[in-house]
Structure formats: C-alpha cells, structure tokens
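Some notes on the structure that comes next.
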Amino acid sequence: IGLVFTLALTGCATLSKEECLSGNWEEIGFRDGTNGKTSAFLQSHAKACEKTGVRPVQSLWEKGRQRGLPAYCVPSKAYSEGRSGRSLNAVCPAAQLPALQAANSKGLEYYEYTSEISEIQYRVNEIGRMLVAEPDAGKRAALVHENRALSNRISLLELRRSLVGSF
C-alpha cells in the first residue's frame, strides 16, 4: 500500500528527483518544447523540484523549449495529438496555425470515431452475454435486432474513421 501511495504521489510530478538534481534545464526545456508545453509549464517543474531545493534555470529551459517547439509545430505531430484526444497547444507560429489546426481536427475526428466505436462495441458484447442468458424468444429477437443495428453503426463509423485515418 505504501508503494502504491508513493507511486501515486510521484506520478503527478513533472520531473524526478534525479532530473531536478542533474539540472540539465536546456535538455528538459527541449523535451518540453517537442511536447508543446507553454512557458507556464516551468512552474510545474519548479514545484516538482521544490523538495530538492533546486530551482529551474528559466533562461536555459526556455532556450531548450524554443529549440524543441519546431518538432511540435508540424502537421504530423498535430494529427498525432488529435488521434490521442488532445487539442493543439497554443505554442506555434500564427502562420502555421491553419495547417496545424486542420491536421489536429482530423486527428480529433479519428479519436472521436474510435471512442464511439469502443462504446458501441461494449454494448454489442453486453448484448452477446444477454443473448446467452435470455430464455424469452421475443426478447432474444429484439436483442439480435439491436445487435445488427449496432454492428451496422460500427461498420459505418469504421468507414468514416478510415477517411481520416492517416495524415
């Protein structure tokens, strides 16, 4: 139980004790930039390192973050973020935003289709279990009808998802 509690507490920290102590702030900033973190994210690191007595070096972190941002501000990354259910963070140059937002929207659409398919598939599985146990023929027929309708819905969603399935 103590281990689970410790893992739960450290799971929220943005950096480990070792990362705080090593103080490679430019590298940490680079990693944060490639993940689209805003300048405000440095405060999370400061809080994570508070107990070690280490304070982030803002200038080095920001230098690294700026170096990392170009890897985040590309359509393929924006699409990937969307497929994971995340909207694009507001860290990219305005000139790139239309293409990035379009890619992110396409990824979010894929995510939404996938989520809906999963929800429907859960119901289909539930109906399968109910069919086995249902003695009433009329109720079984209704369940079979619902199952077919849901399976058709899944097929339609899979087709739509395939249209946004790559970038």
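In the structure tokens, the first chain shown is A, the next is B, and so on; residue numbers restart at 1 for each chain, and ligands run from 1 in the order shown.
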**Message:** Which residues are near Leu42 of chain A? Cut-off 8 Å, only C-alpha atoms, ignore same chain within fewer than 2 positions. Put them as JSON, numbers by chain.
**Reply:** {"A": [39, 40, 44, 45, 46, 56, 58, 61]}
**segment 109-125 of chain A environment, 9 Å, only C-alpha atoms, sequence neighbours closer than 4 positions dropped, as number ranges by chain** = A: 82-85, 104-105, 129-130, 146-148, 150-151, 153-155, 157-158, 160-165
**Request:** Find the spatial neighbours of Ser80 of chain A, counting only C-alpha atoms, within a cut-off of 9 Å - ignore same-chain residues fewer than 5 positions away - and output them as a PyMOL selection string.
**Result:** chain A and resi 75+85-86+103-104+107-108+167
Enumerate, in order of chain and increasing residue number, the residues of segment 48-151 of chain A with an atom no farther than 12 Å from segment 21-33 of chain A, each with its shortest atom pair and distance in Å to one decimal, counting only C-alpha atoms, as a tab-separated table.
residue	atom	partner	partner_atom	distance
A:Ala48	CA	A:Leu21	CA	11.2
A:Cys49	CA	A:Leu21	CA	8.2
A:Glu50	CA	A:Leu21	CA	10.8
A:Lys51	CA	A:Leu21	CA	10.7
A:Thr52	CA	A:Leu21	CA	7.2
A:Gly53	CA	A:Leu21	CA	8.8
A:Val54	CA	A:Leu21	CA	6.7
A:Arg55	CA	A:Gly23	CA	8.7
A:Pro56	CA	A:Trp25	CA	6.7
A:Val57	CA	A:Trp25	CA	6.3
A:Gln58	CA	A:Trp25	CA	7.8
A:Ser59	CA	A:Glu26	CA	8.3
A:Leu60	CA	A:Glu26	CA	4.7
A:Trp61	CA	A:Gly29	CA	4.2
A:Glu62	CA	A:Gly29	CA	6.0
A:Lys63	CA	A:Glu26	CA	6.3
A:Gly64	CA	A:Phe30	CA	4.0
A:Arg65	CA	A:Gly33	CA	4.1
A:Gln66	CA	A:Gly33	CA	6.3
A:Arg67	CA	A:Phe30	CA	5.9
A:Gly68	CA	A:Gly33	CA	4.2
A:Leu69	CA	A:Gly33	CA	4.4
A:Pro70	CA	A:Gly33	CA	7.9
A:Ala71	CA	A:Gly33	CA	7.8
A:Tyr72	CA	A:Gly33	CA	6.9
A:Cys73	CA	A:Gly33	CA	9.5
A:Asn89	CA	A:Gly33	CA	10.7
A:Ala90	CA	A:Gly33	CA	11.7
A:Val91	CA	A:Gly33	CA	8.8
A:Cys92	CA	A:Gly33	CA	10.3
Write the selection just made, keeping N, CA and C atoms, as a compact mmCIF listing (two decimals), in the first residue's frame?
# COMPACT_ATOMS: atom_id res chain seq x y z
N ALA A 48 7.82 20.62 -8.73
CA ALA A 48 8.33 19.24 -8.65
C ALA A 48 9.71 19.20 -7.98
N CYS A 49 10.50 20.25 -8.19
CA CYS A 49 11.87 20.28 -7.66
C CYS A 49 11.98 20.98 -6.30
N GLU A 50 10.88 21.48 -5.80
CA GLU A 50 10.87 22.25 -4.56
C GLU A 50 11.54 21.50 -3.40
N LYS A 51 11.21 20.23 -3.22
CA LYS A 51 11.73 19.47 -2.09
C LYS A 51 13.24 19.21 -2.19
N THR A 52 13.78 19.28 -3.41
CA THR A 52 15.22 19.06 -3.58
C THR A 52 16.00 20.35 -3.35
N GLY A 53 15.30 21.48 -3.28
CA GLY A 53 15.96 22.77 -3.12
C GLY A 53 16.50 23.31 -4.42
N VAL A 54 16.18 22.65 -5.53
CA VAL A 54 16.67 23.08 -6.85
C VAL A 54 15.61 23.95 -7.50
N ARG A 55 16.08 25.06 -8.07
CA ARG A 55 15.19 25.95 -8.82
C ARG A 55 15.56 25.86 -10.30
N PRO A 56 14.57 25.77 -11.16
CA PRO A 56 14.86 25.72 -12.59
C PRO A 56 15.58 26.99 -13.07
N VAL A 57 16.43 26.81 -14.06
CA VAL A 57 17.10 27.95 -14.69
C VAL A 57 16.25 28.31 -15.91
N GLN A 58 15.45 29.35 -15.73
CA GLN A 58 14.46 29.71 -16.74
C GLN A 58 15.08 29.97 -18.11
N SER A 59 16.18 30.69 -18.16
CA SER A 59 16.77 31.05 -19.45
C SER A 59 17.22 29.81 -20.23
N LEU A 60 17.83 28.84 -19.54
CA LEU A 60 18.27 27.61 -20.21
C LEU A 60 17.06 26.77 -20.62
N TRP A 61 16.08 26.67 -19.74
CA TRP A 61 14.89 25.89 -20.05
C TRP A 61 14.18 26.48 -21.27
N GLU A 62 14.01 27.80 -21.29
CA GLU A 62 13.31 28.46 -22.40
C GLU A 62 14.10 28.32 -23.70
N LYS A 63 15.42 28.38 -23.61
CA LYS A 63 16.26 28.19 -24.81
C LYS A 63 16.02 26.79 -25.38
N GLY A 64 16.00 25.79 -24.52
CA GLY A 64 15.74 24.42 -24.97
C GLY A 64 14.33 24.26 -25.50
N ARG A 65 13.38 24.85 -24.83
CA ARG A 65 11.98 24.76 -25.26
C ARG A 65 11.81 25.35 -26.66
N GLN A 66 12.43 26.50 -26.88
CA GLN A 66 12.35 27.13 -28.20
C GLN A 66 12.98 26.25 -29.28
N ARG A 67 14.05 25.55 -28.93
CA ARG A 67 14.68 24.62 -29.88
C ARG A 67 13.77 23.43 -30.17
N GLY A 68 12.97 23.02 -29.19
CA GLY A 68 12.10 21.86 -29.34
C GLY A 68 10.78 22.14 -30.02
N LEU A 69 10.30 23.37 -29.94
CA LEU A 69 8.98 23.70 -30.49
C LEU A 69 8.81 23.38 -31.98
N PRO A 70 9.83 23.58 -32.83
CA PRO A 70 9.63 23.24 -34.24
C PRO A 70 9.25 21.77 -34.47
N ALA A 71 9.67 20.87 -33.59
CA ALA A 71 9.30 19.46 -33.72
C ALA A 71 7.83 19.23 -33.36
N TYR A 72 7.28 20.11 -32.53
CA TYR A 72 5.87 20.03 -32.15
C TYR A 72 4.98 20.68 -33.20
N CYS A 73 5.46 21.74 -33.80
CA CYS A 73 4.66 22.56 -34.71
C CYS A 73 4.74 22.06 -36.15
N ASN A 89 -1.71 22.63 -28.47
CA ASN A 89 -1.36 23.71 -27.54
C ASN A 89 -1.02 24.97 -28.33
N ALA A 90 -1.30 26.11 -27.76
CA ALA A 90 -1.09 27.40 -28.42
C ALA A 90 0.37 27.85 -28.28
N VAL A 91 1.26 27.16 -28.96
CA VAL A 91 2.69 27.49 -28.88
C VAL A 91 3.32 27.66 -30.26
N CYS A 92 2.55 27.49 -31.31
CA CYS A 92 3.11 27.51 -32.66
C CYS A 92 2.91 28.88 -33.32
**Asked** When DSSP works through the backbone of this structure, what residues of chain A end up as helix (DSSP H, G or I), shown as a PyMOL selection string?
**Response** chain A and resi 2-10+17-22+25-34+39-52+58-72+75-83+94-133+137-163
Next, write the just-selected residues to a file, as a CSV table (one decimal), in the first residue's frame, keeping C-alpha atoms as the atom set.
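Okay, selection-v4.csv is ready:
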chain,number,residue,atom,x,y,z
A,2,GLY,CA,2.9,2.3,0.8
A,3,LEU,CA,4.4,1.7,-2.6
A,4,VAL,CA,1.2,2.5,-4.4
A,5,PHE,CA,0.7,5.7,-2.3
A,6,THR,CA,4.3,6.7,-3.2
A,7,LEU,CA,3.8,6.0,-6.9
A,8,ALA,CA,0.6,8.0,-6.8
A,9,LEU,CA,2.3,11.0,-5.3
A,10,THR,CA,5.3,10.9,-7.7
A,17,LYS,CA,14.4,13.9,-8.0
A,18,GLU,CA,17.3,12.9,-10.2
A,19,GLU,CA,16.3,15.1,-13.1
A,20,CYS,CA,15.9,18.1,-10.6
A,21,LEU,CA,19.4,17.4,-9.2
A,22,SER,CA,21.1,16.9,-12.6
A,25,TRP,CA,17.5,22.6,-17.9
A,26,GLU,CA,18.1,23.1,-21.6
A,27,GLU,CA,17.5,19.4,-22.3
A,28,ILE,CA,14.4,19.4,-20.1
A,29,GLY,CA,13.2,22.5,-22.0
A,30,PHE,CA,13.9,20.9,-25.3
A,31,ARG,CA,11.8,17.8,-24.3
A,32,ASP,CA,9.0,20.1,-23.1
A,33,GLY,CA,9.2,22.1,-26.4
A,34,THR,CA,8.8,18.9,-28.5
A,39,SER,CA,6.2,28.8,-20.9
A,40,ALA,CA,3.9,28.5,-17.8
A,41,PHE,CA,4.8,24.8,-17.6
A,42,LEU,CA,8.1,25.7,-16.0
A,43,GLN,CA,6.2,26.4,-12.8
A,44,SER,CA,5.2,22.7,-12.7
A,45,HIS,CA,8.9,21.8,-12.8
A,46,ALA,CA,9.7,24.4,-10.0
A,47,LYS,CA,7.0,22.7,-7.8
A,48,ALA,CA,8.3,19.2,-8.6
A,49,CYS,CA,11.9,20.3,-7.7
A,50,GLU,CA,10.9,22.2,-4.6
A,51,LYS,CA,11.7,19.5,-2.1
A,52,THR,CA,15.2,19.1,-3.6
A,58,GLN,CA,14.5,29.7,-16.7
A,59,SER,CA,16.8,31.1,-19.5
A,60,LEU,CA,18.3,27.6,-20.2
A,61,TRP,CA,14.9,25.9,-20.1
A,62,GLU,CA,13.3,28.5,-22.4
A,63,LYS,CA,16.3,28.2,-24.8
A,64,GLY,CA,15.7,24.4,-25.0
A,65,ARG,CA,12.0,24.8,-25.3
A,66,GLN,CA,12.3,27.1,-28.2
A,67,ARG,CA,14.7,24.6,-29.9
A,68,GLY,CA,12.1,21.9,-29.3
A,69,LEU,CA,9.0,23.7,-30.5
A,70,PRO,CA,9.6,23.2,-34.2
A,71,ALA,CA,9.3,19.5,-33.7
A,72,TYR,CA,5.9,20.0,-32.2
A,75,PRO,CA,1.2,18.8,-39.1
A,76,SER,CA,2.1,15.1,-38.4
A,77,LYS,CA,2.5,15.9,-34.7
A,78,ALA,CA,-0.7,18.0,-34.6
A,79,TYR,CA,-2.5,15.0,-36.2
A,80,SER,CA,-1.0,12.6,-33.7
A,81,GLU,CA,-2.0,14.8,-30.8
A,82,GLY,CA,-5.6,14.8,-32.1
A,83,ARG,CA,-5.6,11.0,-32.5
A,94,ALA,CA,0.4,32.0,-36.3
A,95,ALA,CA,1.4,31.4,-39.9
A,96,GLN,CA,1.4,27.7,-39.3
A,97,LEU,CA,-1.8,27.5,-37.4
A,98,PRO,CA,-4.3,26.8,-40.3
A,99,ALA,CA,-2.5,23.7,-41.4
A,100,LEU,CA,-1.8,22.6,-37.8
A,101,GLN,CA,-5.4,23.1,-36.7
A,102,ALA,CA,-6.7,21.2,-39.8
A,103,ALA,CA,-4.4,18.3,-39.0
A,104,ASN,CA,-5.3,18.3,-35.3
A,105,SER,CA,-9.0,18.4,-36.2
A,106,LYS,CA,-8.6,15.4,-38.5
A,107,GLY,CA,-6.8,13.5,-35.6
A,108,LEU,CA,-9.5,14.5,-33.1
A,109,GLU,CA,-12.2,13.3,-35.6
A,110,TYR,CA,-10.3,9.9,-35.7
A,111,TYR,CA,-10.3,9.8,-31.9
A,112,GLU,CA,-14.0,10.5,-31.7
A,113,TYR,CA,-14.8,7.8,-34.1
A,114,THR,CA,-12.6,5.4,-32.2
A,115,SER,CA,-14.2,6.3,-28.9
A,116,GLU,CA,-17.7,5.9,-30.3
A,117,ILE,CA,-16.8,2.5,-31.8
A,118,SER,CA,-15.4,1.3,-28.5
A,119,GLU,CA,-18.6,2.4,-26.7
A,120,ILE,CA,-20.8,0.6,-29.2
A,121,GLN,CA,-18.6,-2.5,-29.1
A,122,TYR,CA,-19.1,-2.6,-25.4
A,123,ARG,CA,-22.8,-2.7,-25.9
A,124,VAL,CA,-22.5,-5.4,-28.6
A,125,ASN,CA,-20.5,-7.5,-26.2
A,126,GLU,CA,-23.1,-6.9,-23.5
A,127,ILE,CA,-25.9,-8.0,-25.8
A,128,GLY,CA,-23.9,-11.1,-26.6
A,129,ARG,CA,-23.9,-12.0,-22.9
A,130,MET,CA,-27.5,-11.2,-22.6
A,131,LEU,CA,-28.5,-13.4,-25.5
A,132,VAL,CA,-26.9,-16.4,-23.9
A,133,ALA,CA,-29.0,-16.0,-20.8
A,137,ALA,CA,-37.7,-15.7,-27.7
A,138,GLY,CA,-39.2,-12.3,-28.3
A,139,LYS,CA,-36.6,-10.6,-26.1
A,140,ARG,CA,-33.8,-12.5,-27.9
A,141,ALA,CA,-35.2,-11.4,-31.3
A,142,ALA,CA,-35.1,-7.8,-30.1
A,143,LEU,CA,-31.5,-8.2,-28.8
A,144,VAL,CA,-30.5,-9.7,-32.1
A,145,HIS,CA,-32.1,-6.8,-34.0
A,146,GLU,CA,-30.3,-4.3,-31.7
A,147,ASN,CA,-27.1,-6.1,-32.2
A,148,ARG,CA,-27.4,-6.0,-36.0
A,149,ALA,CA,-28.2,-2.2,-35.9
A,150,LEU,CA,-25.2,-1.6,-33.7
A,151,SER,CA,-22.9,-3.7,-35.9
A,152,ASN,CA,-24.0,-1.7,-38.9
A,153,ARG,CA,-23.3,1.5,-37.0
A,154,ILE,CA,-19.8,0.3,-36.2
A,155,SER,CA,-19.2,-0.5,-39.9
A,156,LEU,CA,-20.3,3.0,-40.9
A,157,LEU,CA,-18.1,4.6,-38.2
A,158,GLU,CA,-15.1,2.4,-39.2
A,159,LEU,CA,-15.6,3.6,-42.8
A,160,ARG,CA,-15.7,7.2,-41.7
A,161,ARG,CA,-12.7,6.7,-39.5
A,162,SER,CA,-10.7,5.3,-42.4
A,163,LEU,CA,-11.2,8.5,-44.3
